[in-house]
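Here the structure comes first, spelled out in C-alpha cells, and everything after it is commentary.
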Amino acid sequence: MKKLFAFVCSLLLLSACGIKFNYPNLSEDLTQITSKSVLKSILVRNNNNGWYRNTGGVLEDAMAMAKDSSNTNTQVQGIDEADSVKTNGDYIVSVMNNKVYVITPDNDKIVKVFDFNPKEGEENEKAYWVNELYLTDTQLVIMGTIATYTSYQGGVKDGMRDLWWGWWGAQDTFVKVIELSDLSESASYDVKGSYFTSRLSGSELIVVTNQWQTLVYDAQNNAEVIDPTVTDEDGKVISSIDEGKAYILPYNQGSSFVNIVKIDMTGSADAELTSFLGWIQTVYMNADHLIIAQSRYEYNETTQIGTSWTDLLRFDVDSLSLKAEGSVKGYLLNQFSLDIHNNVLRAALTNWDKVATNSVYTFDLAINVLDSIQNLAENETIRSVRFLGDKGYMVTFEQIDPLFVLDLSDPRDIKVTGELKIPGFSTYLHPVSDKVLWGIAEDLEVTQVTENGNTWNSVKRFGVKISLFDVSDPTKPTELTNLNILGPSGYSEAQYNHKAIVFDNDRNLVYIPYADYRYDTWTCREGEKCDYSFETGLKVLRITETSVELVQTIAVSSTGDQNLWVNRSLWVGDKLYLMSNQGFMVYDRTTYEKLGTISY
C-alpha cells in the first residue's frame, strides 16, 4: 500500500488576510484528512471547479442454495445482497409503496406493516423512503433514504409542506434493525449520504452511501463543512474525520463523500465509519476485501480525445481501513466486472478513446497490474462478465455476440483461449457446471443497411432467449442450444438484475419473472380507447448440461395494468410466490395451481 501521510498545517487560502497556503501535491500519495479547515478549503475549491477535479466464488459456491426456501441470487457465496423481497422460511418480507410487509408463509397472512409514509395532515421536515431489506434467522434490516426538507420561501398548504415553496435538500441513509422475536426495533442508525448499496457477511453489515451535500452556506455566504458521520439510536455521533478514517485519493478529488459504515448486528460494538472524497460506480465484496470502483472521464482539449478511467479502492473488511488504490483505463459494466480469486483481483473494462475497445486485467492486492489483455473486440462494448475460478467469460456486442473464454490460471500470463460468435448478446452468465454456462440473452439480428451512401445497423429484435454454452474445451466454446422465452416486446428484470433470478436446485429449476406487451393484439373500438394485451408472470425453466426446457409459464394477463407486473418470485416449502405491486400470488410449487393471493 502507498504510504499514508497526514496534513500538519491548514491549507485554507485566506486572501483577505494576505496569507497564502499551498495545496498539497496529490499525484503520488494518499492523504488523510486531519483538519476540517483543510477539508473545507478543498471542498470550496472543488465546488467552484465542478463535481470533479483531476489533480494529477468457486463454482460450488455459486450454485449453493437453501433447502427449505429460496435465497437471493448473489455474486459471492456467504455475502448476502439486499433486495426488495426476502424470505428465511419462517417469514417473507417485501417492500411496496414505502411500506415493509411481514408475512408468515404457513398461513399467508400479513402480521406486521412498517409504514414509512407521512401520516395524513402531519407536517414533516424529513421524508423516509425504503430501498432494500435483509432477513436473517433472527433479524429484519430495513434500509433507505432520508430526505430533509429545506424551505426557501416557507409556507404550509393543507397541513403539508407545499413542494412549490420548498425543496428536498440533503439526503441521508437510515438503517433499522428489527428483532423477529417480537417485531420490535432494537437498533437504528442514520448515515450521512444517500443509500447506494450494502452487503451482509455473518453478523456484520456494510452500508455504502454517497454524501453529496458536504458544504452549507449561511446568509453571509460563509461555508461550513457537513461532517461524514453515523449516528446511532442513542444519539452517539461517529465522525470519520475525528476517527482519522477520512481520505483524499491521490489522482482525483470530488465534492462528495463516499461513506462506508460497518454495523455489528449483535449490538456488541459501535458502528465504524470510513470516508473518502469521491463517488461510486460499483462495489464488489468477499469475506476479506471490499472493492469500491469509481469512474471518471478525462478530456484532452489538445487532442480532443476523452478517456474513461476507473479508480479501484481496496478496503479491509475487518478494519475498514483503505489498503490499496490504483487506476486503470476503462469503465466497468457492473459488479460482475470485478472479482477476487486466490488474492488476485480481476477486472474487465470497456474503454472509449477514438473507438471502443475492451480489456481484462489482473492485479495483486496492492492494485499493481500483473497482466492484461488489451484491444478485445474493437468497436464493441462489454455486455456481461463472469469470473469463475481460474476461468473468465466475457460477452461483447455490436453486431454479433462474441463469447470470450479467458484463461486466468496464471495471473501473470492471462490469455483468451477461445471465442464464439452468435447473434444477439447475453446480459447475464451463470454456471451449470464447470463445463457448461447458460446466459439470458437479447435475441437479435443485426444487419448493415446502406442507403444514399450512408451505412447503419438495422436491428430486428425477436425477444429474450436462454442460451446454453459448452465451455468444456476452452479453445472451442459452442452454443449447445437456445430457447426463446419471450416475444419481440418481452422483457425480464433478470436480464439486468441478477437478484430477480431464483434457483430451485432441489427440483433443478430456475424461475425468471417476465412482462410481455402483446402489440399484435392491439384493438380499437369506436368511441373507446385503443388497447392491447399485457401479460406478466413467471417462466419456470429446467436448465441442464444438455438442454433448456420451458417447464411452465405462469401467466397473469392484464390490459395495460402494470400494477400487476411480476418482478420477483420466491419459494417456501411447497409454495411458490409471485410478487407484484399489488401483493403476492401464491401457487403450488409442484402443480402450479393458484392457491390464493396476499393483497397489500
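Each chain of the C-alpha cells is named A, B, ... in the order shown, its residues numbered from 1; ligands are numbered from 1 in display order.
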Do a neighbour search on Phe116 (chain A) at 12 Å with only C-alpha atoms, toss out local chain neighbours closer than 2 positions, and write the hits as a ChimeraX atom specification. /A:95-101,113-114,118-119,124,126-131,142-146,174,176
Neighbours of Gly439 (chain A) within 7 Å (only C-alpha atoms; same-chain residues fewer than 3 positions away dropped), as a ChimeraX atom specification? /A:426,428-430,466-468
Take the residues that were just selected and, keeping C-alpha atoms, output them as a PDB file, in the first residue's frame.
ATOM      1  CA  SER A 426     -26.012 -12.261 -23.254  1.00  0.00           C
ATOM      2  CA  TYR A 428     -26.060 -12.380 -17.573  1.00  0.00           C
ATOM      3  CA  LEU A 429     -23.985 -15.576 -17.359  1.00  0.00           C
ATOM      4  CA  HIS A 430     -24.337 -18.378 -14.819  1.00  0.00           C
ATOM      5  CA  ILE A 466     -31.801 -18.593 -22.840  1.00  0.00           C
ATOM      6  CA  SER A 467     -28.521 -19.740 -24.411  1.00  0.00           C
ATOM      7  CA  LEU A 468     -26.599 -22.810 -23.290  1.00  0.00           C
TER       8      LEU A 468
END
Fewer than 4 positions away in the same chain doesn't count, so skip those; otherwise give me all residues within 9 Å of Glu549 (chain A), counting only C-alpha atoms, as a list of chain:residue names. A:Leu483, A:Val540, A:Leu541, A:Arg542, A:Ile543, A:Thr544
Store the residues picked out above, limited to N, CA, C and O atoms, as a PDB file, in the first residue's frame.
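So the final result, stored in selection-v1.pdb, reads:
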ATOM      1  N   LEU A 483     -33.267 -21.214 -26.362  1.00  0.00           N
ATOM      2  CA  LEU A 483     -34.721 -21.244 -26.301  1.00  0.00           C
ATOM      3  C   LEU A 483     -35.242 -19.827 -26.122  1.00  0.00           C
ATOM      4  O   LEU A 483     -34.915 -19.156 -25.140  1.00  0.00           O
ATOM      5  N   VAL A 540     -40.861 -20.803 -15.728  1.00  0.00           N
ATOM      6  CA  VAL A 540     -40.241 -21.880 -14.965  1.00  0.00           C
ATOM      7  C   VAL A 540     -39.411 -22.713 -15.938  1.00  0.00           C
ATOM      8  O   VAL A 540     -39.950 -23.307 -16.878  1.00  0.00           O
ATOM      9  N   LEU A 541     -38.101 -22.734 -15.739  1.00  0.00           N
ATOM     10  CA  LEU A 541     -37.182 -23.361 -16.680  1.00  0.00           C
ATOM     11  C   LEU A 541     -36.404 -24.484 -16.010  1.00  0.00           C
ATOM     12  O   LEU A 541     -36.098 -24.413 -14.817  1.00  0.00           O
ATOM     13  N   ARG A 542     -36.104 -25.494 -16.789  1.00  0.00           N
ATOM     14  CA  ARG A 542     -35.165 -26.528 -16.351  1.00  0.00           C
ATOM     15  C   ARG A 542     -33.936 -26.426 -17.264  1.00  0.00           C
ATOM     16  O   ARG A 542     -34.033 -26.629 -18.474  1.00  0.00           O
ATOM     17  N   ILE A 543     -32.797 -26.097 -16.655  1.00  0.00           N
ATOM     18  CA  ILE A 543     -31.564 -25.907 -17.414  1.00  0.00           C
ATOM     19  C   ILE A 543     -30.556 -26.953 -16.956  1.00  0.00           C
ATOM     20  O   ILE A 543     -30.167 -26.981 -15.782  1.00  0.00           O
ATOM     21  N   THR A 544     -30.155 -27.806 -17.875  1.00  0.00           N
ATOM     22  CA  THR A 544     -29.193 -28.860 -17.564  1.00  0.00           C
ATOM     23  C   THR A 544     -27.953 -28.672 -18.426  1.00  0.00           C
ATOM     24  O   THR A 544     -27.838 -27.697 -19.176  1.00  0.00           O
TER      25      THR A 544
END
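The residue that comes closest to Leu345 (chain A), out of A:Gly330, A:Ser308, A:Ser255, A:Gly389 and on the basis of only C-alpha atoms, is A:Gly389.
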Leaving out region 573-583 of chain A and any residue of its chain fewer than 6 positions from it, which residues lie within 6 Å of it when counting only C-alpha atoms, given as a ChimeraX atom specification? /A:68,563-566,589,598-600
Env of Ser275 (chain A): 6 Å cut, atoms = only C-alpha atoms, seq-sep filter 2 positions within chain, self excluded. Answer as a ChimeraX atom specification. /A:246,258-259
A:Phe336, A:Tyr284, A:Tyr511, A:Phe363 ranked by distance to Thr427 (chain A), top pick (using only C-alpha atoms): A:Phe336
Looking only at strand (DSSP E) from DSSP on the backbone, list the matching residues of region 183-403 of chain A as a ChimeraX atom specification. /A:184-192,194-201,204-211,215-217,223-225,229-232,237-239,246-248,252-254,257-264,272-277,282-285,289-300,305-316,322-329,338-341,344-352,356-363,369-376,381-388,391-397,401-403
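The residue set within 8 Å of Thr475 (chain A), counting only C-alpha atoms and dropping same-chain residues fewer than 5 places from it, reads Val405, Thr417, Gly418 and Glu419 of chain A.
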Atoms to include: all heavy atoms. Write the selected residues as a compact mmCIF listing (two decimals), in the first residue's frame.
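Now in part_26.txt:
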# COMPACT_ATOMS: atom_id res chain seq x y z
N VAL A 405 -13.64 -16.82 -23.91
CA VAL A 405 -13.21 -17.67 -22.81
C VAL A 405 -11.80 -17.25 -22.41
O VAL A 405 -10.91 -17.18 -23.26
CB VAL A 405 -13.23 -19.16 -23.20
CG1 VAL A 405 -12.79 -20.01 -22.01
CG2 VAL A 405 -14.63 -19.58 -23.66
N THR A 417 -8.53 -17.91 -24.74
CA THR A 417 -8.30 -19.24 -25.31
C THR A 417 -9.30 -19.60 -26.39
O THR A 417 -9.03 -20.45 -27.23
CB THR A 417 -8.37 -20.31 -24.21
OG1 THR A 417 -9.65 -20.26 -23.58
CG2 THR A 417 -7.28 -20.10 -23.18
N GLY A 418 -10.48 -18.97 -26.36
CA GLY A 418 -11.48 -19.31 -27.36
C GLY A 418 -12.50 -18.20 -27.51
O GLY A 418 -12.63 -17.32 -26.67
N GLU A 419 -13.25 -18.26 -28.63
CA GLU A 419 -14.23 -17.23 -28.93
C GLU A 419 -15.37 -17.84 -29.73
O GLU A 419 -15.16 -18.67 -30.61
CB GLU A 419 -13.57 -16.10 -29.73
CG GLU A 419 -14.49 -14.98 -30.13
CD GLU A 419 -13.78 -13.91 -30.95
OE1 GLU A 419 -12.53 -13.94 -31.01
OE2 GLU A 419 -14.47 -13.06 -31.53
Skip region 492-505 of chain A itself and residues of its chain fewer than 4 positions away, then list as a ChimeraX atom specification all residues within 10 Å of it, counting only C-alpha atoms. /A:63-75,81-85,334,336,383-384,426-430,439-442,464,486,509-516,536-542,566-571
Suppose we keep C-alpha atoms; can you now write the selection as a tab-separated table (two decimals), in the first residue's frame?
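Below is the file that was written, again-v1.tsv:
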chain	number	residue	atom	x	y	z
A	63	MET	CA	-24.68	-22.95	-7.05
A	64	ALA	CA	-25.31	-23.39	-3.32
A	65	MET	CA	-28.84	-22.57	-2.17
A	66	ALA	CA	-31.06	-23.18	0.85
A	67	LYS	CA	-33.08	-26.40	1.10
A	68	ASP	CA	-36.41	-25.22	2.52
A	69	SER	CA	-36.73	-21.78	0.97
A	70	SER	CA	-35.18	-19.73	-1.77
A	71	ASN	CA	-32.24	-17.38	-1.29
A	72	THR	CA	-31.28	-14.20	-3.08
A	73	ASN	CA	-29.05	-14.89	-6.07
A	74	THR	CA	-25.74	-13.27	-5.07
A	75	GLN	CA	-22.32	-12.89	-6.65
A	81	GLU	CA	-27.05	-8.74	-1.00
A	82	ALA	CA	-30.07	-6.66	-0.09
A	83	ASP	CA	-33.25	-6.85	-2.14
A	84	SER	CA	-36.87	-5.69	-2.18
A	85	VAL	CA	-38.10	-9.12	-1.06
A	334	ASN	CA	-21.38	-3.79	-13.18
A	336	PHE	CA	-19.62	-8.85	-12.04
A	383	ARG	CA	-22.48	-6.75	-22.12
A	384	SER	CA	-21.80	-9.43	-19.48
A	426	SER	CA	-26.01	-12.26	-23.25
A	427	THR	CA	-26.60	-9.85	-20.38
A	428	TYR	CA	-26.06	-12.38	-17.57
A	429	LEU	CA	-23.99	-15.58	-17.36
A	430	HIS	CA	-24.34	-18.38	-14.82
A	439	GLY	CA	-26.99	-16.92	-20.29
A	440	ILE	CA	-30.01	-14.64	-20.52
A	441	ALA	CA	-29.70	-13.03	-23.92
A	442	GLU	CA	-31.22	-10.44	-26.18
A	464	VAL	CA	-35.40	-12.83	-24.92
A	486	LEU	CA	-40.29	-14.00	-24.70
A	509	LEU	CA	-35.48	-25.32	-11.80
A	510	VAL	CA	-34.90	-21.66	-12.47
A	511	TYR	CA	-37.61	-19.01	-12.00
A	512	ILE	CA	-37.48	-15.87	-14.15
A	513	PRO	CA	-40.15	-13.11	-13.93
A	514	TYR	CA	-41.31	-11.51	-17.14
A	515	ALA	CA	-43.54	-8.90	-18.74
A	516	ASP	CA	-44.71	-9.08	-22.35
A	536	THR	CA	-46.78	-10.85	-16.91
A	537	GLY	CA	-45.81	-13.76	-14.73
A	538	LEU	CA	-43.08	-16.32	-14.26
A	539	LYS	CA	-41.12	-18.55	-16.60
A	540	VAL	CA	-40.24	-21.88	-14.97
A	541	LEU	CA	-37.18	-23.36	-16.68
A	542	ARG	CA	-35.17	-26.53	-16.35
A	566	VAL	CA	-44.41	-9.58	-11.62
A	567	ASN	CA	-40.84	-8.55	-10.80
A	568	ARG	CA	-39.77	-11.09	-8.19
A	569	SER	CA	-40.51	-14.61	-7.04
A	570	LEU	CA	-39.54	-16.82	-4.12
A	571	TRP	CA	-40.46	-20.20	-2.72
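You can rank A:Ser186, A:Thr197, A:Gln171, A:Thr350 by their closest distance to Thr214 (chain A) using only C-alpha atoms, and at the top of that list sits A:Gln171.
You will find CA of Ala293 (chain A) at 14.2 Å from CA of Tyr361 (chain A).
Separating CA of Ser203 (chain A) from CA of Asp264 (chain A) is a distance of 6.1 Å.
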